[in-house]
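The file my_file06.txt comes next; it holds compact mmCIF, C-alpha atoms.
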```txt
# COMPACT_ATOMS: atom_id res chain seq x y z
CA MET U 1 189.04 105.14 92.22
CA PRO U 2 185.55 105.06 93.88
CA GLN U 3 183.85 108.40 94.22
CA ALA U 4 183.52 109.64 97.79
CA ALA U 5 180.02 109.57 99.23
CA PRO U 6 178.36 113.01 99.29
CA THR U 7 178.22 114.71 102.64
CA GLY U 8 176.36 117.60 104.20
CA ARG U 9 173.21 119.26 102.95
CA SER U 10 174.03 118.69 99.25
CA GLY U 11 174.49 114.98 99.93
CA VAL U 12 171.12 114.72 101.67
CA GLN U 13 169.49 116.61 98.80
CA SER U 14 171.07 114.28 96.22
CA LEU U 15 169.92 111.26 98.19
CA GLN U 16 166.37 112.59 98.38
CA ARG U 17 166.34 113.36 94.67
CA ALA U 18 167.62 109.87 93.83
CA PHE U 19 164.84 108.26 95.84
CA ASP U 20 162.33 110.62 94.21
CA LEU U 21 163.49 109.39 90.79
CA LEU U 22 162.91 105.79 91.83
CA GLU U 23 159.42 106.74 93.02
CA HIS U 24 158.68 108.53 89.72
CA LEU U 25 159.79 105.44 87.78
CA ALA U 26 157.55 103.24 89.94
CA ASP U 27 154.57 105.58 89.52
CA ALA U 28 155.04 105.46 85.74
CA GLY U 29 154.91 101.67 85.67
CA GLY U 30 158.67 101.17 86.01
CA GLU U 31 160.06 102.88 82.88
CA MET U 32 160.59 106.48 81.66
CA GLY U 33 162.76 108.53 79.33
CA LEU U 34 165.26 111.09 80.58
CA SER U 35 163.20 114.08 79.42
CA GLN U 36 160.10 112.62 81.08
CA LEU U 37 162.00 112.19 84.35
CA ALA U 38 163.29 115.76 84.15
CA ALA U 39 159.77 117.10 83.53
CA VAL U 40 158.11 115.21 86.36
CA ALA U 41 160.97 115.87 88.81
CA GLY U 42 161.23 119.55 87.88
CA LEU U 43 165.03 119.34 87.59
CA PRO U 44 167.48 120.12 84.77
CA GLN U 45 168.37 117.19 82.53
CA PRO U 46 172.09 117.29 83.47
CA THR U 47 171.14 116.86 87.15
CA ILE U 48 168.78 114.01 86.31
CA HIS U 49 171.45 112.39 84.13
CA ARG U 50 174.05 112.56 86.92
CA LEU U 51 171.70 111.00 89.46
CA ILE U 52 170.36 108.36 87.10
CA ARG U 53 173.89 107.30 86.05
CA THR U 54 174.77 106.72 89.72
CA LEU U 55 171.64 104.60 90.14
CA VAL U 56 172.51 102.65 86.99
CA GLU U 57 176.04 101.99 88.26
CA MET U 58 174.61 100.70 91.54
CA GLY U 59 172.09 98.43 89.81
CA TYR U 60 168.97 100.22 91.07
CA VAL U 61 168.13 101.48 87.57
CA HIS U 62 168.70 99.82 84.19
CA GLN U 63 169.02 101.56 80.83
CA GLN U 64 167.01 99.84 78.13
CA PRO U 65 168.19 99.47 74.50
CA SER U 66 165.62 102.18 73.72
CA ARG U 67 167.67 104.51 76.01
CA ARG U 68 164.75 104.70 78.43
CA TYR U 69 165.38 103.98 82.09
CA ALA U 70 163.71 101.20 84.09
CA LEU U 71 163.81 100.04 87.69
CA GLY U 72 166.76 97.70 88.20
CA THR U 73 166.87 94.14 89.46
CA ARG U 74 168.84 95.09 92.58
CA LEU U 75 165.63 96.58 93.97
CA ILE U 76 164.02 93.13 93.95
CA ARG U 77 166.07 91.92 96.91
CA LEU U 78 165.24 95.04 98.91
CA GLY U 79 161.56 94.77 98.06
CA ASP U 80 161.39 91.06 98.87
CA THR U 81 163.06 91.61 102.23
CA ALA U 82 160.76 94.51 103.09
CA ASN U 83 157.69 92.51 102.05
CA ARG U 84 158.71 89.54 104.20
CA HIS U 85 159.21 91.86 107.17
CA LEU U 86 155.79 93.47 106.62
CA ALA U 87 154.14 90.05 106.26
CA GLN U 88 155.72 88.86 109.50
CA ARG U 89 154.50 91.97 111.30
CA ALA U 90 150.97 91.57 109.93
CA ARG U 91 150.59 87.85 110.71
CA PRO U 92 149.26 88.27 114.31
CA ILE U 93 146.71 90.79 113.03
CA LEU U 94 145.64 88.40 110.27
CA ALA U 95 145.27 85.64 112.85
CA ASP U 96 143.06 87.89 114.97
CA LEU U 97 140.93 88.65 111.89
CA VAL U 98 140.43 84.93 111.27
CA ALA U 99 139.48 84.42 114.92
CA ALA U 100 136.97 87.31 114.74
CA THR U 101 135.41 86.47 111.37
CA GLY U 102 135.99 82.77 110.80
CA GLU U 103 137.23 83.50 107.27
CA THR U 104 140.59 83.62 105.52
CA ALA U 105 142.56 86.85 106.02
CA ASN U 106 145.04 88.28 103.51
CA LEU U 107 147.67 91.00 103.25
CA ALA U 108 148.36 92.46 99.80
CA THR U 109 150.24 95.35 98.25
CA LEU U 110 150.20 97.26 94.99
CA ASP U 111 153.39 96.46 93.08
CA GLY U 112 153.50 98.47 89.87
CA ASP U 113 150.22 97.73 88.09
CA ARG U 114 149.49 94.46 89.89
CA VAL U 115 148.30 93.37 93.32
CA VAL U 116 150.66 90.97 95.09
CA TYR U 117 149.58 88.82 98.03
CA LEU U 118 152.18 88.98 100.82
CA ALA U 119 150.65 86.88 103.59
CA GLN U 120 147.63 84.78 104.42
CA VAL U 121 146.13 83.07 107.47
CA PRO U 122 143.54 80.46 106.41
CA SER U 123 140.05 79.97 107.77
CA PRO U 124 139.52 76.96 110.09
CA HIS U 125 136.58 75.84 107.92
CA ALA U 126 137.02 72.85 105.63
CA MET U 127 135.65 74.97 102.76
CA ARG U 128 137.87 78.03 102.68
CA MET U 129 139.54 80.42 100.30
CA PHE U 130 143.20 79.99 99.40
CA THR U 131 145.39 82.47 97.52
CA GLU U 132 149.03 81.59 96.98
CA VAL U 133 151.40 84.07 98.64
CA GLY U 134 153.29 85.84 95.89
CA ARG U 135 150.40 85.60 93.43
CA ARG U 136 150.01 88.67 91.20
CA VAL U 137 146.53 89.69 90.04
CA LEU U 138 144.87 92.61 88.27
CA PRO U 139 143.56 95.25 90.69
CA HIS U 140 140.15 96.03 89.17
CA CYS U 141 138.55 92.68 89.99
CA THR U 142 139.77 92.10 93.56
CA GLY U 143 138.70 93.61 96.87
CA VAL U 144 142.25 94.53 97.83
CA GLY U 145 142.92 95.98 94.38
CA LYS U 146 139.83 98.17 94.45
CA ALA U 147 140.61 99.32 98.00
CA LEU U 148 144.11 100.31 96.87
CA LEU U 149 143.04 102.05 93.66
CA ALA U 150 140.52 104.08 95.65
CA GLN U 151 143.41 105.58 97.63
CA LEU U 152 145.14 106.90 94.50
CA PRO U 153 144.44 110.17 92.69
CA ALA U 154 142.08 109.53 89.79
CA THR U 155 144.81 110.19 87.22
CA GLU U 156 147.10 107.54 88.75
CA ALA U 157 144.28 104.99 89.04
CA HIS U 158 143.28 105.65 85.42
CA GLY U 159 146.91 105.27 84.34
CA ILE U 160 147.07 101.80 85.89
CA LEU U 161 143.73 100.80 84.35
CA ALA U 162 144.82 102.12 80.96
CA ARG U 163 147.81 99.78 81.07
CA THR U 164 146.03 96.72 82.49
CA GLY U 165 142.59 97.15 80.95
CA LEU U 166 139.37 96.00 82.61
CA PRO U 167 139.07 92.41 81.38
CA ALA U 168 136.11 90.34 82.59
CA MET U 169 137.29 87.60 84.95
CA THR U 170 133.69 86.59 85.74
CA GLY U 171 130.25 87.80 84.70
CA ARG U 172 130.32 90.21 87.65
CA THR U 173 133.61 91.96 86.86
CA ILE U 174 133.22 95.70 86.30
CA THR U 175 134.53 96.35 82.79
CA ASP U 176 133.28 99.91 82.18
CA LEU U 177 135.54 102.75 83.36
CA VAL U 178 132.67 105.10 84.22
CA GLU U 179 131.02 102.42 86.34
CA PHE U 180 134.36 101.59 87.92
CA ASP U 181 134.88 105.25 88.86
CA ARG U 182 131.50 105.17 90.61
CA GLU U 183 132.63 102.02 92.45
CA LEU U 184 135.79 103.79 93.62
CA ASP U 185 133.67 106.71 94.88
CA ARG U 186 131.56 104.25 96.90
CA ILE U 187 134.71 102.69 98.35
CA ARG U 188 136.14 106.07 99.35
CA ALA U 189 132.86 106.98 101.09
CA ALA U 190 132.54 103.64 102.90
CA GLY U 191 136.23 103.10 103.72
CA TYR U 192 136.21 99.53 102.43
CA ALA U 193 135.72 97.56 99.22
CA ILE U 194 133.76 94.42 98.40
CA ASP U 195 134.57 91.97 95.63
CA GLU U 196 131.24 90.41 94.69
CA GLY U 197 132.58 87.35 92.88
CA GLU U 198 134.39 89.59 90.41
CA GLN U 199 137.66 87.64 90.52
CA GLU U 200 136.33 84.14 91.19
CA VAL U 201 132.75 82.86 90.97
CA GLY U 202 131.21 82.11 94.37
CA VAL U 203 133.80 84.06 96.39
CA ARG U 204 133.13 87.28 98.27
CA CYS U 205 135.94 89.44 99.65
CA VAL U 206 135.95 92.49 101.92
CA ALA U 207 139.06 94.71 101.90
CA ALA U 208 140.32 97.85 103.60
CA PRO U 209 143.44 99.93 102.90
CA VAL U 210 146.20 100.27 105.48
CA VAL U 211 146.22 104.07 105.41
CA GLY U 212 149.58 105.54 106.31
CA ALA U 213 151.63 102.45 105.44
CA PRO U 214 154.92 103.21 103.63
CA THR U 215 153.68 101.25 100.60
CA MET U 216 150.19 100.82 99.17
CA THR U 217 148.87 97.97 101.33
CA ALA U 218 145.49 96.46 102.14
CA LEU U 219 143.95 93.76 104.33
CA SER U 220 141.10 91.52 103.26
CA VAL U 221 138.80 88.76 104.47
CA SER U 222 137.47 86.30 101.91
CA GLY U 223 135.11 83.37 101.94
CA PRO U 224 132.41 81.52 100.01
CA GLU U 225 129.35 83.65 99.24
CA GLY U 226 127.06 81.19 101.00
CA ARG U 227 128.81 81.83 104.29
CA LEU U 228 130.23 85.33 103.80
CA THR U 229 126.89 86.84 102.79
CA ARG U 230 126.49 90.52 101.97
CA GLN U 231 125.10 91.10 105.46
CA ALA U 232 128.03 89.23 107.00
CA ALA U 233 130.45 91.23 104.85
CA GLU U 234 129.02 94.48 106.18
CA ARG U 235 129.54 93.20 109.73
CA VAL U 236 133.11 92.22 108.89
CA ALA U 237 133.94 95.65 107.41
CA PRO U 238 134.38 97.60 110.70
CA VAL U 239 136.46 94.75 112.17
CA LEU U 240 138.65 94.84 109.07
CA ARG U 241 139.03 98.62 109.16
CA SER U 242 140.04 98.41 112.82
CA ALA U 243 142.66 95.78 111.95
CA ALA U 244 144.01 98.00 109.15
CA LYS U 245 144.34 100.93 111.58
CA ARG U 246 146.13 98.66 114.07
CA LEU U 247 148.62 97.53 111.42
CA ALA U 248 149.22 101.13 110.32
CA ALA U 249 149.87 102.13 113.95
CA ASP U 250 152.24 99.18 114.44
CA ILE U 251 154.19 100.15 111.32
CA ALA U 252 154.38 103.80 112.39
CA ALA U 253 155.60 102.81 115.86
CA GLY U 254 158.09 100.34 114.44
CA THR U 255 156.79 97.59 116.71
```
Output the structure of this file as structure tokens.
Amino acid sequence: MPQAAPTGRSGVQSLQRAFDLLEHLADAGGEMGLSQLAAVAGLPQPTIHRLIRTLVEMGYVHQQPSRRYALGTRLIRLGDTANRHLAQRARPILADLVAATGETANLATLDGDRVVYLAQVPSPHAMRMFTEVGRRVLPHCTGVGKALLAQLPATEAHGILARTGLPAMTGRTITDLVEFDRELDRIRAAGYAIDEGEQEVGVRCVAAPVVGAPTMTALSVSGPEGRLTRQAAERVAPVLRSAAKRLAADIAAGT
């Protein structure tokens, strides 16, 4: 016989704790042991076990052969639907960015340890940048990735970089953690990031985080270095930051 849904204050508390566990799993890269979950959640193991078993039964969490718990496949459908809705909402803003800058505009999010591109509106120029929607890339070598990492506490950003490494994609990729930390400090001070051909030779990208969005999200404008010069990128930055604030306001208003 199915268990009755919890009601009242205890039910709300259980629901909040269950969502907190999913967030802790996501923050840890998608997988944790029961004792780790109990430590980070600050709850007794029996409470964690009861909540996690419910999530396992519903398909939102999966228990590995190692007995560790991982995010379940049922979350994929929810995430995909939410991402499509966010992309649809952002498309008019991306179109306005293209009209204002003449370059390709992108929407991306941080999914686990990777950056995923959710939407793109291409430049009208014959020579333009193209990134396949759904593409997953490392965060350290992209404008959107750096803008997103700069929004995280240093320990979380370092945790991601420890798992992904800092491989050189081009000769300009930052591969030293100390130098990368300085880059994140510059991004935090400026409010935007620039990819100086660090992901792809000859491509410059300017990115800004969508501060206040329910998930880690960023907007970017990308183009060939010959057209999107450093001076042009600095002119694009305030336009991009304004677009990010507009998207954040739209999301908050539910429009």
Just want the 7 Å neighbourhood of Arg135 of chain U, counted on only C-alpha atoms, with same-chain residues fewer than 2 positions away dropped. Output as a PyMOL selection string. chain U and resi 116-117+132-133+137
Can you write just those residues out, C-alpha atoms, as a PDB file, in the frame of the given file?
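Result written to again-v7.pdb:
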```
ATOM      1  CA  VAL U 116     150.660  90.970  95.090  1.00  0.00           C
ATOM      2  CA  TYR U 117     149.580  88.820  98.030  1.00  0.00           C
ATOM      3  CA  GLU U 132     149.030  81.590  96.980  1.00  0.00           C
ATOM      4  CA  VAL U 133     151.400  84.070  98.640  1.00  0.00           C
ATOM      5  CA  VAL U 137     146.530  89.690  90.040  1.00  0.00           C
TER       6      VAL U 137
END
```
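With distances restricted to all atoms listed in the file, U:His125 is the closest residue to Gly223 of chain U from U:Asp111, U:Arg17, U:His125, U:Arg188.
Of the residues listed (U:Ile48, U:Ala108, U:Ala253, U:Leu22), U:Ala108 shows the shortest atom-to-atom separation from Leu94 of chain U; distances use all atoms listed in the file.
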Please compute the atom CA of Ala105 of chain U-atom CA of Asp185 of chain U distance, one decimal, in Å.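 Atom-to-atom, atom CA of Ala105 of chain U to atom CA of Asp185 of chain U, that is 24.4 Å.
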Pairwise distance for atom CA of Thr217 of chain U and atom CA of Gln120 of chain U, rounded to one decimal in Å: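 Between these atoms lies a distance of 13.6 Å.
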Name the residues in contact with Val115 of chain U at a cut-off of 8 Å, using only C-alpha atoms, excluding same-chain residues fewer than 3 positions from it; report them as a list in words. Ala108, Thr109, Leu110, Asp111, Arg136, Val137, Leu138, Pro139, Val144 and Gly145 of chain U
Expected file contents, prior selection, C-alpha atoms, as a PDB file, in the coordinates of the input:
```pdb
ATOM      1  CA  ALA U 108     148.360  92.460  99.800  1.00  0.00           C
ATOM      2  CA  THR U 109     150.240  95.350  98.250  1.00  0.00           C
ATOM      3  CA  LEU U 110     150.200  97.260  94.990  1.00  0.00           C
ATOM      4  CA  ASP U 111     153.390  96.460  93.080  1.00  0.00           C
ATOM      5  CA  ARG U 136     150.010  88.670  91.200  1.00  0.00           C
ATOM      6  CA  VAL U 137     146.530  89.690  90.040  1.00  0.00           C
ATOM      7  CA  LEU U 138     144.870  92.610  88.270  1.00  0.00           C
ATOM      8  CA  PRO U 139     143.560  95.250  90.690  1.00  0.00           C
ATOM      9  CA  VAL U 144     142.250  94.530  97.830  1.00  0.00           C
ATOM     10  CA  GLY U 145     142.920  95.980  94.380  1.00  0.00           C
TER      11      GLY U 145
END
```
Quick one: pull the distance between atom CA of Leu247 of chain U and atom CA of Leu148 of chain U, Å, one decimal. 15.5 Å
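Of the residues under consideration (U:Ile251, U:Val221, U:Leu34, U:Ala157), U:Val221 shows the shortest atom-to-atom contact distance to Pro122 of chain U when counting all atoms listed in the file.
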Pick from U:Gly212, U:Gly59, U:Gly197, U:Pro224 nearest to Arg172 of chain U, counting all atoms listed in the file: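 Counting all atoms listed in the file, the residue closest to Arg172 of chain U is U:Gly197.
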Around (136.1, 94.2, 90.8) in the file's frame, which residues reach within 8 Å when counting all atoms listed in the file? Return as a count of residues only? 16
Near Leu37 of chain U, within 8 Å and counting only C-alpha atoms, which residues show up once chain neighbours fewer than 2 positions away are dropped, as a PyMOL selection string? chain U and resi 21+24-25+32-35+39-41+48
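Nearest to Gln231 of chain U of all the residues U:Leu15, U:Ile52, U:Val206, U:Ala150 is U:Val206, based on all atoms listed in the file.
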With only C-alpha atoms as the counted atoms, please give the residues lying no more than 12 Å from Ile93 of chain U, apart from itself and same-chain residues fewer than 4 positions off, as a PyMOL selection string. chain U and resi 86-89+97-100+105-107+119-121+219-221+239-250
Using only C-alpha atoms, find the one residue out of U:Thr175, U:Arg114, U:Glu57, U:Val12 that sits nearest to Gly134 of chain U.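 Nearest to Gly134 of chain U: U:Arg114.
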Contacts of Arg227 of chain U at 10 Å or less, counting only C-alpha atoms, minus same-chain residues fewer than 2 places along, as a PyMOL selection string? chain U and resi 102-103+127-128+203-204+223-225+229-230+232-233
